[in-house]
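Peer 1: File upload-v4.cif below, mmCIF, C-alpha atoms:
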data_query
loop_
_atom_site.label_atom_id
_atom_site.label_comp_id
_atom_site.auth_asym_id
_atom_site.auth_seq_id
_atom_site.Cartn_x
_atom_site.Cartn_y
_atom_site.Cartn_z
CA GLY A 26 31.19 120.27 44.45
CA ASN A 27 33.61 117.86 42.82
CA SER A 28 35.12 114.94 44.68
CA VAL A 29 37.09 111.77 44.13
CA THR A 30 36.83 108.75 46.40
CA GLN A 31 39.43 106.01 46.40
CA MET A 32 39.56 102.78 48.30
CA GLU A 33 41.61 103.00 51.43
CA GLY A 34 44.93 101.26 51.58
CA PRO A 35 47.31 99.84 51.95
CA VAL A 36 46.60 97.22 49.34
CA THR A 37 49.02 94.34 49.88
CA LEU A 38 49.56 91.80 47.11
CA SER A 39 51.98 89.10 46.10
CA GLU A 40 53.94 89.47 42.88
CA GLU A 41 51.94 88.46 39.78
CA ALA A 42 48.57 88.98 41.53
CA PHE A 43 45.73 90.91 39.90
CA LEU A 44 45.27 94.50 41.02
CA THR A 45 42.15 96.63 41.24
CA ILE A 46 42.09 100.04 42.90
CA ASN A 47 38.63 101.54 42.95
CA CYS A 48 37.94 105.18 42.13
CA THR A 49 34.56 106.88 41.95
CA TYR A 50 33.83 110.53 41.40
CA THR A 51 31.18 113.21 41.63
CA ALA A 52 31.37 116.19 39.32
CA THR A 53 29.18 119.15 38.48
CA GLY A 54 30.17 118.90 34.83
CA TYR A 55 31.91 116.58 32.40
CA PRO A 56 35.37 115.62 33.67
CA SER A 57 38.61 114.24 32.31
CA LEU A 58 39.95 111.47 34.57
CA PHE A 59 43.51 110.66 35.55
CA TRP A 60 45.61 108.20 37.50
CA TYR A 61 48.89 109.47 38.92
CA VAL A 62 51.55 107.34 40.60
CA GLN A 63 53.99 108.41 43.32
CA TYR A 64 57.03 106.22 43.89
CA PRO A 65 58.77 106.47 47.28
CA GLY A 66 60.56 109.77 47.75
CA GLU A 67 59.38 111.20 44.44
CA GLY A 68 56.73 113.52 43.08
CA LEU A 69 53.59 112.37 41.30
CA GLN A 70 53.72 111.41 37.64
CA LEU A 71 50.92 110.77 35.22
CA LEU A 72 50.18 107.08 34.74
CA LEU A 73 47.18 107.25 32.39
CA LYS A 74 44.17 109.34 31.54
CA ALA A 75 40.81 109.28 29.74
CA THR A 76 38.94 112.31 28.48
CA LYS A 77 35.50 110.95 27.55
CA ALA A 78 33.06 108.23 28.47
CA ASP A 79 34.07 104.67 27.51
CA ASP A 80 37.66 105.71 26.78
CA LYS A 81 40.27 103.36 28.13
CA GLY A 82 43.58 104.75 29.33
CA SER A 83 46.54 102.40 29.48
CA ASN A 84 50.23 102.52 30.30
CA LYS A 85 52.88 100.12 31.70
CA GLY A 86 50.31 97.30 31.87
CA PHE A 87 47.82 99.40 33.85
CA GLU A 88 44.35 100.13 32.48
CA ALA A 89 41.33 102.16 33.52
CA THR A 90 38.03 102.69 31.70
CA TYR A 91 35.96 105.85 32.04
CA ARG A 92 32.48 104.64 33.08
CA LYS A 93 30.04 107.51 33.06
CA GLU A 94 27.08 105.36 34.08
CA THR A 95 28.77 104.30 37.31
CA THR A 96 30.94 107.45 37.67
CA SER A 97 33.99 105.25 38.08
CA PHE A 98 37.56 104.98 36.80
CA HIS A 99 38.97 101.85 38.44
CA LEU A 100 42.66 101.06 37.95
CA GLU A 101 43.60 97.47 37.02
CA LYS A 102 46.72 95.49 36.24
CA GLY A 103 46.81 91.82 35.42
CA SER A 104 50.10 90.93 37.07
CA VAL A 105 51.78 93.29 39.52
CA GLN A 106 55.50 93.50 40.16
CA VAL A 107 57.44 94.57 43.24
CA SER A 108 58.43 97.70 41.31
CA ASP A 109 54.74 98.73 41.17
CA SER A 110 54.81 99.42 44.91
CA ALA A 111 53.78 103.08 45.15
CA VAL A 112 50.90 105.37 46.03
CA TYR A 113 48.24 105.78 43.34
CA PHE A 114 46.08 108.89 43.05
CA CYS A 115 42.87 109.22 41.08
CA ALA A 116 42.02 112.74 39.90
CA LEU A 117 39.54 114.67 37.79
CA ILE A 118 39.54 117.96 35.93
CA LEU A 119 36.32 119.50 34.69
CA THR A 120 36.25 120.09 30.97
CA GLY A 121 35.52 123.74 30.33
CA GLY A 122 36.26 124.66 33.92
CA SER A 123 39.46 125.71 35.65
CA TYR A 124 42.67 123.76 35.27
CA ILE A 125 42.62 122.72 38.91
CA PRO A 126 42.49 118.97 39.48
CA THR A 127 40.58 117.35 42.30
CA PHE A 128 42.67 114.52 43.75
CA GLY A 129 41.62 111.50 45.74
CA ARG A 130 43.47 110.75 48.96
CA GLY A 131 45.70 108.14 47.38
CA THR A 132 45.93 104.37 47.76
CA SER A 133 49.17 102.75 48.83
CA LEU A 134 50.10 99.52 47.03
CA ILE A 135 52.65 97.15 48.53
CA VAL A 136 53.76 94.20 46.41
CA HIS A 137 55.69 91.38 48.07
CA PRO A 138 58.04 89.03 46.17
CA ASN B 10 65.22 119.02 30.00
CA ALA B 11 64.96 118.91 33.80
CA GLY B 12 61.17 119.28 34.04
CA VAL B 13 60.12 120.75 37.40
CA THR B 14 62.83 121.41 39.96
CA GLN B 15 62.42 122.36 43.60
CA THR B 16 64.82 123.67 46.21
CA PRO B 17 65.60 122.88 48.92
CA LYS B 18 64.94 119.14 49.16
CA PHE B 19 64.72 119.21 52.94
CA GLN B 20 64.51 121.99 55.52
CA VAL B 21 64.17 122.24 59.29
CA LEU B 22 62.77 125.48 60.71
CA LYS B 23 61.99 126.75 64.16
CA THR B 24 58.54 128.15 64.88
CA GLY B 25 58.36 131.76 63.71
CA GLN B 26 61.17 131.53 61.17
CA SER B 27 60.53 132.39 57.54
CA MET B 28 61.63 130.70 54.36
CA THR B 29 60.96 130.57 50.65
CA LEU B 30 60.54 127.40 48.65
CA GLN B 31 61.70 127.73 45.08
CA CYS B 32 60.21 126.07 42.01
CA ALA B 33 61.19 126.31 38.36
CA GLN B 34 60.02 124.57 35.19
CA ASP B 35 61.68 124.44 31.80
CA MET B 36 58.72 123.21 29.74
CA ASN B 37 57.35 126.67 28.88
CA HIS B 38 54.18 125.88 30.82
CA ASN B 39 51.64 128.59 31.53
CA SER B 40 50.21 127.26 34.80
CA MET B 41 51.98 126.43 38.05
CA TYR B 42 50.77 125.08 41.39
CA TRP B 43 51.82 124.54 44.98
CA TYR B 44 50.46 121.58 46.95
CA ARG B 45 51.05 120.17 50.37
CA GLN B 46 50.86 116.45 51.09
CA ASP B 47 50.04 115.17 54.56
CA PRO B 48 49.44 111.58 55.68
CA GLY B 49 45.86 110.53 55.04
CA MET B 50 44.99 113.88 53.45
CA GLY B 51 46.16 113.38 49.91
CA LEU B 52 47.19 116.51 48.04
CA ARG B 53 45.79 119.91 48.97
CA LEU B 54 46.23 122.94 46.76
CA ILE B 55 47.79 125.95 48.46
CA TYR B 56 48.06 128.47 45.60
CA TYR B 57 48.16 128.38 41.85
CA SER B 58 49.08 130.63 38.97
CA ALA B 59 47.05 130.08 35.82
CA SER B 60 49.35 132.29 33.79
CA GLU B 61 52.31 134.60 34.25
CA GLY B 62 51.29 137.60 36.32
CA THR B 63 48.33 135.98 38.06
CA THR B 64 48.01 134.04 41.31
CA ASP B 65 44.98 132.62 43.11
CA LYS B 66 44.25 130.94 46.40
CA GLY B 67 43.63 127.24 46.59
CA GLU B 68 42.12 125.13 49.33
CA VAL B 69 44.61 125.92 52.14
CA PRO B 70 46.28 129.33 51.52
CA ASN B 71 46.48 130.61 55.11
CA GLY B 72 50.04 131.18 56.31
CA TYR B 73 51.51 131.21 52.80
CA ASN B 74 52.29 133.71 50.07
CA VAL B 75 53.39 133.12 46.51
CA SER B 76 55.18 134.97 43.75
CA ARG B 77 55.08 134.14 40.05
CA LEU B 78 58.44 135.68 39.34
CA ASN B 79 58.33 134.97 35.59
CA LYS B 80 56.96 132.23 33.39
CA ARG B 81 59.50 129.72 34.70
CA GLU B 82 59.49 130.38 38.43
CA PHE B 83 56.86 130.17 41.15
CA SER B 84 57.95 130.56 44.77
CA LEU B 85 56.12 129.80 48.02
CA ARG B 86 56.90 131.79 51.14
CA LEU B 87 56.20 130.97 54.76
CA GLU B 88 56.42 134.26 56.67
CA SER B 89 56.20 132.79 60.17
CA ALA B 90 56.42 129.02 60.18
CA ALA B 91 54.20 126.97 62.48
CA PRO B 92 54.40 123.26 63.38
CA SER B 93 51.13 122.74 61.46
CA GLN B 94 53.07 123.59 58.30
CA THR B 95 55.25 120.51 58.68
CA SER B 96 54.55 118.71 55.43
CA VAL B 97 55.87 117.70 52.05
CA TYR B 98 55.44 120.47 49.50
CA PHE B 99 55.09 119.79 45.80
CA CYS B 100 55.28 122.21 42.94
CA ALA B 101 53.60 121.28 39.67
CA SER B 102 53.09 122.81 36.25
CA SER B 103 50.81 122.29 33.28
CA GLU B 104 50.56 123.82 29.82
CA GLY B 105 47.23 125.41 30.61
CA LYS B 106 45.26 126.73 27.68
CA VAL B 107 47.11 126.41 24.37
CA ALA B 108 45.46 127.42 21.10
CA GLY B 109 42.05 127.13 22.68
CA LEU B 110 42.61 123.59 23.93
CA LYS B 111 43.23 122.81 27.53
CA GLN B 112 46.27 120.67 28.26
CA GLU B 113 45.56 119.27 31.65
CA THR B 114 48.34 116.88 32.61
CA GLN B 115 50.32 118.12 35.61
CA TYR B 116 54.07 117.61 35.96
CA PHE B 117 55.38 117.45 39.50
CA GLY B 118 58.67 118.30 41.10
CA PRO B 119 60.39 115.92 43.56
CA GLY B 120 59.10 117.74 46.64
CA THR B 121 60.46 119.67 49.61
CA ARG B 122 60.24 118.03 53.00
CA LEU B 123 59.70 120.70 55.67
CA LEU B 124 59.88 120.14 59.40
CA VAL B 125 58.85 122.96 61.72
CA LEU B 126 59.88 122.51 65.34
#
Is it possible to express this structure as structure tokens?
Peer 2:
Amino acid sequence: GNSVTQMEGPVTLSEEAFLTINCTYTATGYPSLFWYVQYPGEGLQLLLKATKADDKGSNKGFEATYRKETTSFHLEKGSVQVSDSAVYFCALILTGGSYIPTFGRGTSLIVHP
Amino acid sequence: NAGVTQTPKFQVLKTGQSMTLQCAQDMNHNSMYWYRQDPGMGLRLIYYSASEGTTDKGEVPNGYNVSRLNKREFSLRLESAAPSQTSVYFCASSEGKVAGLKQETQYFGPGTRLLVL
């Protein structure tokens, strides 16, 4: 079956530190990959996505590159802010399959001033 | 444009009581979903509706029923609430298949926090 594995949190950083949240996947076909972010008390919202190998998704200073050879989609940001404190979910949807995403368990990020 | 709205925001039930969680979207999306979110478990799909008039079970459907009332609305019903159903419930929607291309981004509501005593 399909699965998404994320690093366990919480990840605790100081403001302006470099962020990496690891995400790896297994899929029976060729997936599109997503990062969603959930701010406290809110629903999830799309942060970025990539639909084919070597594509780089980017938004709000966050980036992730679709690496087919390592089945990974790691999220990075060069300099985090306190306002980036949230839970981050990696997800995949199989191209040509159903519309149902497979989500990782989420990684909590806490950024201290 | 409100996106995805959910009511109520918070509810306390006693074991055995019933309730319906409401969800509506104003983006003319074809597909709608209900998830539950529990600590350490991520998001688990309860039911989904790929298009108006269809519904299908997800990963954890037991104890729930759904109704796709029209294209805009997708409700989730707990017939006899149990403490194990204490959770945060999220409704989401996506365009689904449009002109042969699949639009996959999901748009989430703000959630309903349910406590079953």
Peer 1: Going by the chain IDs and residue numbers used in this file, which residues fall under the PyMOL selection byres ((chain A) within 8 of (chain B))? Write them as a list in words.
Peer 2: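 Here the PyMOL selection byres ((chain A) within 8 of (chain B)) matches Gly66, Glu67, Gly68, Leu69, Gln70, Leu71, Ile118, Tyr124, Phe128, Gly129, Arg130 and Gly131 of chain A.
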Peer 1: Near Thr16 in chain B, counting all atoms listed in the file, which residues have an atom at most 8 Å away, once you skip same-chain residues fewer than 4 positions from it, shown as a short mmCIF file (atom, residue, chain, number, x, y, z; two decimals) with C-alpha atoms, in the frame of the given file?
Peer 2:
data_model
loop_
_atom_site.label_atom_id
_atom_site.label_comp_id
_atom_site.auth_asym_id
_atom_site.auth_seq_id
_atom_site.Cartn_x
_atom_site.Cartn_y
_atom_site.Cartn_z
CA LEU B 30 60.54 127.40 48.65
CA GLN B 31 61.70 127.73 45.08
CA CYS B 32 60.21 126.07 42.01
CA THR B 121 60.46 119.67 49.61
#
Peer 1: Translate the PyMOL selection byres ((chain B and resi 79-84) around 6) into a concrete residue list for this structure, as a VMD selection string.
Peer 2: chain B and resid 30 to 34 61 75 to 78 85
Peer 1: Excluding Leu72 in chain A and residues on its chain fewer than 6 positions from it, collect all residues at most 9 Å away from it, counting all atoms listed in the file, and give them as a list in words.
Peer 2: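 So the residues in contact are Phe59, Trp60, Tyr61, Val62, Gly82, Ser83, Asn84, Lys85, Phe87 and Tyr113 of chain A.
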Peer 1: Between CA of Ser133 in chain A and CA of Pro35 in chain A, what is the spacing in Å?
Peer 2: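 Calculated distance between CA of Pro35 in chain A and CA of Ser133 in chain A is 4.7 Å.
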Peer 1: Residues proximal to (48.8, 90.3, 34.6) were defined as those with any atom within 10 Å of that point in the file's coordinates, counting only C-alpha atoms. Which are they, as a list in words?
Peer 2: Glu40, Glu41, Ala42, Phe43, Leu44, Gly86, Phe87, Glu101, Lys102, Gly103, Ser104, Val105 and Gln106 of chain A
Peer 1: Quick one: range 21-32 of chain B with all heavy atoms, as a compact mmCIF listing (two decimals), keeping the file's coordinate frame?
Peer 2:
# COMPACT_ATOMS: atom_id res chain seq x y z
N VAL B 21 64.67 122.21 57.92
CA VAL B 21 64.17 122.24 59.29
C VAL B 21 64.11 123.70 59.72
O VAL B 21 65.09 124.43 59.59
CB VAL B 21 65.08 121.44 60.24
CG1 VAL B 21 64.53 121.51 61.66
CG2 VAL B 21 65.18 119.99 59.80
N LEU B 22 62.97 124.11 60.24
CA LEU B 22 62.77 125.48 60.71
C LEU B 22 62.33 125.46 62.17
O LEU B 22 61.71 124.48 62.62
CB LEU B 22 61.69 126.19 59.90
CG LEU B 22 61.96 126.54 58.45
CD1 LEU B 22 60.72 127.22 57.85
CD2 LEU B 22 63.17 127.45 58.33
N LYS B 23 62.57 126.55 62.84
CA LYS B 23 61.99 126.75 64.16
C LYS B 23 60.71 127.57 64.00
O LYS B 23 60.58 128.37 63.05
CB LYS B 23 62.96 127.47 65.07
CG LYS B 23 64.21 126.65 65.38
CD LYS B 23 65.15 127.40 66.32
CE LYS B 23 66.38 126.56 66.63
NZ LYS B 23 67.34 127.29 67.49
N THR B 24 59.79 127.39 64.90
CA THR B 24 58.54 128.15 64.88
C THR B 24 58.85 129.65 64.80
O THR B 24 59.69 130.15 65.55
CB THR B 24 57.70 127.86 66.13
OG1 THR B 24 57.35 126.46 66.11
CG2 THR B 24 56.45 128.69 66.15
N GLY B 25 58.18 130.32 63.87
CA GLY B 25 58.36 131.76 63.71
C GLY B 25 59.37 132.15 62.64
O GLY B 25 59.37 133.30 62.20
N GLN B 26 60.21 131.22 62.22
CA GLN B 26 61.17 131.53 61.17
C GLN B 26 60.44 131.62 59.83
O GLN B 26 59.34 131.08 59.65
CB GLN B 26 62.27 130.48 61.10
CG GLN B 26 63.26 130.55 62.24
CD GLN B 26 64.40 129.57 62.08
OE1 GLN B 26 64.21 128.40 61.72
NE2 GLN B 26 65.62 130.03 62.34
N SER B 27 61.10 132.27 58.88
CA SER B 27 60.53 132.39 57.54
C SER B 27 61.43 131.67 56.54
O SER B 27 62.63 131.46 56.80
CB SER B 27 60.39 133.85 57.15
OG SER B 27 61.65 134.47 57.10
N MET B 28 60.84 131.29 55.43
CA MET B 28 61.63 130.70 54.36
C MET B 28 60.84 130.73 53.07
O MET B 28 59.62 130.91 53.08
CB MET B 28 62.05 129.27 54.67
CG MET B 28 60.98 128.23 54.44
SD MET B 28 61.66 126.55 54.35
CE MET B 28 62.62 126.62 52.84
N THR B 29 61.57 130.60 51.97
CA THR B 29 60.96 130.57 50.65
C THR B 29 61.34 129.27 49.95
O THR B 29 62.51 128.91 49.91
CB THR B 29 61.42 131.76 49.79
OG1 THR B 29 61.03 132.97 50.44
CG2 THR B 29 60.78 131.70 48.41
N LEU B 30 60.32 128.59 49.45
CA LEU B 30 60.54 127.40 48.65
C LEU B 30 60.53 127.82 47.19
O LEU B 30 59.64 128.54 46.72
CB LEU B 30 59.42 126.37 48.88
CG LEU B 30 59.47 125.52 50.15
CD1 LEU B 30 59.30 126.38 51.40
CD2 LEU B 30 58.37 124.46 50.12
N GLN B 31 61.54 127.34 46.47
CA GLN B 31 61.70 127.73 45.08
C GLN B 31 61.23 126.62 44.14
O GLN B 31 61.40 125.43 44.43
CB GLN B 31 63.17 128.05 44.78
CG GLN B 31 63.81 129.06 45.69
CD GLN B 31 63.33 130.47 45.43
OE1 GLN B 31 62.60 130.74 44.46
NE2 GLN B 31 63.73 131.40 46.30
N CYS B 32 60.65 127.02 43.03
CA CYS B 32 60.21 126.07 42.01
C CYS B 32 60.47 126.67 40.65
O CYS B 32 60.20 127.86 40.42
CB CYS B 32 58.73 125.77 42.17
SG CYS B 32 58.04 124.75 40.83
